[in-house]
Each structure stands twice: as C-alpha cells, then as structure tokens.
Amino acid sequence: MTDAQWALVGPLLPPPGNATDKGGRPEKHPRRLVLDAMFCLARGGIAWRQMPSDFPPAMTVYDIFRRWVKTGAWQRVHDALRDRVRARAGRRPLPTAAVIDAQTVRGADTVPAASAGYDAGKKTRGRKRHIAVDTLGLLLAVVVTAADIQDRDGAHRLLTALRARFSTVARVWADGGYTGRLVAWAGQVLALTVEIVKRTDKTAGFGLLPRRWVVERTFGWIV
C-alpha cells in the first residue's frame with residue numbers, strides 16, 4: 001500500500017480500542033501492515049493460514065478483519081473509493097441510474113443447506129448474488145440469496161436496498177427476466193423506472209446490449 005492509498009483508507013478504519021471509552025491495550029501490529037496482509041490474501045486467493053510469515057499472525061489478522069466487518073469499515077472504504085472513481089470520471093458522487101442483474105454461484109461444501117438452493121435453469125446448487133451497479137459498473141447494492149430464488153423475487157430486495165441507500169436513483173435497466181409485476185411495483189412503491197433491455201431475435205451470436213453489458217462485466221470482476 002502506498003502512502004497516498006494509506007492516507008485515504010486509514011482514516012476510514014474504526015479507532016483502536018484503547019482510543020475509545022472502552023479502553024484496552026494499544027494495538028500490537030501496525031494497521032497498515034495488517035491491511036497489506038488482508039490485501040495479499042484477497043489478491044492471492046489463499047487460505048488464512050497460508051499467509052506469508054512476514055505479516056502478523058494469520059489468526060490475528062483474521063480477528064481484526066472480523067472486527068472491522070462488524071463496524072462497517074469495508075462498506076465505508078468501498079463507498080469512498082467508488083465516489084472517488086466517479087468524481088475522477090466527471091460524475092457526481094450520487095448516481096441517478098443503475099443496472100441490475102443476478103448470477104448463480106456454485107456453493108462450497110461448507111455452505112449450509114439452509115442458505116443454499118438449486119437453480120434448475122443453471123443446473124447449479126449454491127447461492128445467487130443480485131447486484132446493482134452504476135453506469136460505470138461500480139457496485140451500489142448487493143443482495144445474496146439461495147440459488148432457487150427467482151431473479152424477480154430477489155430484485156424486490158435489491159431495489160429496496162438500492163432505494164434505501166440512494167434516493168437520487170430514478171432509472172434502472174434490467175434484462176428480460178425482470179419483466180412483469182416487478183416493473184409496476186418498482187414504480188408505485190419505490191418511484192423507480194425499470195426499463196427492460198431485451199435481446200432482439202435478429203441478433204446472431206454474442207452482442208453487447210445497451211447498459212446490460214456494464215453489470216455483466218462487473219460480475220467478471222467479482223471474486
């Protein structure tokens with residue numbers, strides 16, 4: 001992590017326990033080094049216990065990661081970086097439009113049966129991630145369900161989450177799987193205009209569809 005990156009991310013992390021009213025011992029390991037360890041793990045796709053020995057102990061880093069998750073630190077970091085990217089692209093921090101889609105992901109053996117399902121269309125057992133992105137492909141909202149939840153049903157939760165976080169969004173693009181009552185419900189309940197972008201029968205082979213390719217590209221970035 002560079003000095004400039006640390007200057008941006010460091011202030012978004014929760015204060016150390018000894019700096020709050022709860023008190024406690026000072027943190028043993030530098031936070032910047034702990035972040036480097038987390039990023040190394042995420043980039044390399046390795047297990048916690050396979051972390052290189054020049055970082056703090058793996059379980060120590062894991063415990064800190066869990067604590068920061070509970071405080072919403074990663075959400076703050078993500079949102080700050082997204083707003084920064086939008087500003088550098090000449091956009092306002094708050095988006096006015098979004099694109100939604102869903103993707104089924106095969107679940108690992110450790111995924112509890114209660115939170116997994118079978119997607120008959122994809123012939124896959126696991127979970128389904130429903131995402132909303134801005135027109136640059138940057139994440140705005142995410143909802144995870146069992147794989148057997150229909151895209152339209154998951155979209156009710158996704159659009160509700162999107163509206164709760166962004167009152168500025170007025171238009172949403174979606175594929176043909178979202179046609180039906182969802183469009184009317186979104187307009188009446190959430191004041192969102194859902195525009196369906198359909199593939200034409202005249203198109204042969206692969207073709208980039210307006211707006212939809214943005215969210216499909218984002219799925220390719222998500223680990």
# chains A, B, ... in the order shown; residues from 1 in each chain; ligands from 1

$ select_by_dssp --residues "segment 82-150 of chain A" --states "helix (DSSP H, G or I)" --output "count of residues only"
10

$ select_by_dssp --residues "segment 85-172 of chain A" --states "strand (DSSP E or B)" --output "PyMOL selection string"
chain A and resi 97-106+117-119+124-133+139-146+171-172

$ closest_residue --among "A:Leu159, A:Pro112, A:Ile46, A:Ala7" --to "Tyr178 of chain A" --atoms "only C-alpha atoms"
A:Leu159

$ closest_residue --among "A:Ile222, A:Arg171, A:Gly180, A:Trp185" --to "Arg157 of chain A" --atoms "only C-alpha atoms"
A:Trp185

$ residues_around --residues "Leu140 of chain A" --least-positions-apart "2" --cutoff "9 Å" --atoms "only C-alpha atoms" --output "MDAnalysis selection string"
chainID A and resid 79 82 95 98 131:134 137:138 142 162 165:166

$ residues_around --residues "His130 of chain A" --least-positions-apart "3" --cutoff "6 Å" --atoms "only C-alpha atoms" --output "CSV table (one decimal) with N, CA, C and O atoms, in the first residue's frame"
chain,number,residue,atom,x,y,z
A,101,ASP,N,-28.7,-7.1,-12.2
A,101,ASP,CA,-28.7,-8.5,-12.8
A,101,ASP,C,-28.4,-9.4,-11.6
A,101,ASP,O,-28.2,-9.0,-10.5
A,102,ALA,N,-28.5,-10.7,-11.9
A,102,ALA,CA,-28.3,-11.8,-10.9
A,102,ALA,C,-27.4,-12.9,-11.5
A,102,ALA,O,-27.4,-13.1,-12.7
A,142,VAL,N,-25.9,-4.9,-3.1
A,142,VAL,CA,-25.7,-6.3,-3.2
A,142,VAL,C,-26.7,-7.1,-2.3
A,142,VAL,O,-26.8,-6.7,-1.1
A,143,VAL,N,-27.3,-8.1,-2.8
A,143,VAL,CA,-28.2,-8.9,-2.0
A,143,VAL,C,-27.8,-10.4,-2.4
A,143,VAL,O,-27.8,-10.7,-3.6

$ atom_distance --atom1 "atom CA of Gly117 of chain A" --atom2 "atom CA of Ile100 of chain A"
21.1 Å

$ residues_around --residues "segment 69-72 of chain A" --least-positions-apart "3" --cutoff "12 Å" --atoms "only C-alpha atoms" --output "list in words"
Leu12, Leu13, Pro14, Pro15, Pro16, Tyr62, Asp63, Ile64, Phe65, Arg66, Gln75, Arg76, Val77, His78 and Asp79 of chain A

$ residues_around --residues "Arg152 of chain A" --least-positions-apart "2" --cutoff "7 Å" --atoms "only C-alpha atoms" --output "MDAnalysis selection string"
chainID A and resid 150 154:156 178 182

$ residues_around --residues "Phe55 of chain A" --least-positions-apart "3" --cutoff "12 Å" --atoms "only C-alpha atoms" --output "VMD selection string"
chain A and resid 29 to 41 48 to 52 58 to 62

$ write_last_selection --atoms "N, CA and C atoms" --output "PDB file, in the first residue's frame"
ATOM      1  N   HIS A  29       0.209  -4.617  16.287  1.00  0.00           N
ATOM      2  CA  HIS A  29       0.729  -4.598  14.923  1.00  0.00           C
ATOM      3  C   HIS A  29       0.263  -3.333  14.192  1.00  0.00           C
ATOM      4  N   PRO A  30       1.134  -2.718  13.387  1.00  0.00           N
ATOM      5  CA  PRO A  30       0.738  -1.529  12.623  1.00  0.00           C
ATOM      6  C   PRO A  30      -0.445  -1.829  11.706  1.00  0.00           C
ATOM      7  N   ARG A  31      -1.408  -0.942  11.685  1.00  0.00           N
ATOM      8  CA  ARG A  31      -2.608  -1.171  10.884  1.00  0.00           C
ATOM      9  C   ARG A  31      -2.294  -1.245   9.393  1.00  0.00           C
ATOM     10  N   ARG A  32      -1.362  -0.497   8.956  1.00  0.00           N
ATOM     11  CA  ARG A  32      -1.009  -0.512   7.540  1.00  0.00           C
ATOM     12  C   ARG A  32      -0.486  -1.887   7.140  1.00  0.00           C
ATOM     13  N   LEU A  33       0.298  -2.517   8.017  1.00  0.00           N
ATOM     14  CA  LEU A  33       0.808  -3.858   7.737  1.00  0.00           C
ATOM     15  C   LEU A  33      -0.323  -4.878   7.766  1.00  0.00           C
ATOM     16  N   VAL A  34      -1.266  -4.701   8.686  1.00  0.00           N
ATOM     17  CA  VAL A  34      -2.426  -5.598   8.758  1.00  0.00           C
ATOM     18  C   VAL A  34      -3.244  -5.510   7.472  1.00  0.00           C
ATOM     19  N   LEU A  35      -3.441  -4.294   6.958  1.00  0.00           N
ATOM     20  CA  LEU A  35      -4.169  -4.122   5.698  1.00  0.00           C
ATOM     21  C   LEU A  35      -3.432  -4.781   4.540  1.00  0.00           C
ATOM     22  N   ASP A  36      -2.118  -4.623   4.513  1.00  0.00           N
ATOM     23  CA  ASP A  36      -1.323  -5.268   3.466  1.00  0.00           C
ATOM     24  C   ASP A  36      -1.518  -6.788   3.506  1.00  0.00           C
ATOM     25  N   ALA A  37      -1.611  -7.342   4.701  1.00  0.00           N
ATOM     26  CA  ALA A  37      -1.817  -8.788   4.842  1.00  0.00           C
ATOM     27  C   ALA A  37      -3.177  -9.194   4.284  1.00  0.00           C
ATOM     28  N   MET A  38      -4.205  -8.401   4.579  1.00  0.00           N
ATOM     29  CA  MET A  38      -5.547  -8.697   4.076  1.00  0.00           C
ATOM     30  C   MET A  38      -5.594  -8.613   2.550  1.00  0.00           C
ATOM     31  N   PHE A  39      -4.949  -7.600   1.998  1.00  0.00           N
ATOM     32  CA  PHE A  39      -4.947  -7.437   0.549  1.00  0.00           C
ATOM     33  C   PHE A  39      -4.149  -8.548  -0.128  1.00  0.00           C
ATOM     34  N   CYS A  40      -3.074  -8.994   0.523  1.00  0.00           N
ATOM     35  CA  CYS A  40      -2.283 -10.102  -0.014  1.00  0.00           C
ATOM     36  C   CYS A  40      -3.133 -11.361  -0.084  1.00  0.00           C
ATOM     37  N   LEU A  41      -3.899 -11.605   0.946  1.00  0.00           N
ATOM     38  CA  LEU A  41      -4.755 -12.788   0.982  1.00  0.00           C
ATOM     39  C   LEU A  41      -5.831 -12.717  -0.093  1.00  0.00           C
ATOM     40  N   TRP A  48      -6.280 -18.357   5.070  1.00  0.00           N
ATOM     41  CA  TRP A  48      -5.710 -17.509   6.121  1.00  0.00           C
ATOM     42  C   TRP A  48      -4.395 -18.071   6.639  1.00  0.00           C
ATOM     43  N   ARG A  49      -4.359 -19.364   6.881  1.00  0.00           N
ATOM     44  CA  ARG A  49      -3.173 -19.961   7.489  1.00  0.00           C
ATOM     45  C   ARG A  49      -2.004 -20.116   6.502  1.00  0.00           C
ATOM     46  N   GLN A  50      -2.233 -19.764   5.249  1.00  0.00           N
ATOM     47  CA  GLN A  50      -1.155 -19.797   4.260  1.00  0.00           C
ATOM     48  C   GLN A  50      -0.538 -18.413   4.049  1.00  0.00           C
ATOM     49  N   MET A  51      -0.903 -17.481   4.896  1.00  0.00           N
ATOM     50  CA  MET A  51      -0.380 -16.127   4.772  1.00  0.00           C
ATOM     51  C   MET A  51       1.132 -16.113   4.998  1.00  0.00           C
ATOM     52  N   PRO A  52       1.889 -15.357   4.195  1.00  0.00           N
ATOM     53  CA  PRO A  52       3.346 -15.299   4.363  1.00  0.00           C
ATOM     54  C   PRO A  52       3.746 -14.920   5.787  1.00  0.00           C
ATOM     55  N   ALA A  58      -1.682 -15.073  11.236  1.00  0.00           N
ATOM     56  CA  ALA A  58      -2.878 -15.146  10.396  1.00  0.00           C
ATOM     57  C   ALA A  58      -4.160 -14.979  11.193  1.00  0.00           C
ATOM     58  N   MET A  59      -4.265 -15.636  12.343  1.00  0.00           N
ATOM     59  CA  MET A  59      -5.495 -15.559  13.125  1.00  0.00           C
ATOM     60  C   MET A  59      -5.678 -14.182  13.763  1.00  0.00           C
ATOM     61  N   THR A  60      -4.578 -13.500  14.010  1.00  0.00           N
ATOM     62  CA  THR A  60      -4.679 -12.119  14.500  1.00  0.00           C
ATOM     63  C   THR A  60      -5.264 -11.225  13.417  1.00  0.00           C
ATOM     64  N   VAL A  61      -4.760 -11.380  12.191  1.00  0.00           N
ATOM     65  CA  VAL A  61      -5.281 -10.597  11.061  1.00  0.00           C
ATOM     66  C   VAL A  61      -6.757 -10.929  10.829  1.00  0.00           C
ATOM     67  N   TYR A  62      -7.096 -12.210  10.946  1.00  0.00           N
ATOM     68  CA  TYR A  62      -8.485 -12.636  10.749  1.00  0.00           C
ATOM     69  C   TYR A  62      -9.411 -12.007  11.794  1.00  0.00           C
TER      70      TYR A  62
END

$ atom_distance --atom1 "atom CA of Thr104 of chain A" --atom2 "atom CA of Arg129 of chain A"
6.4 Å
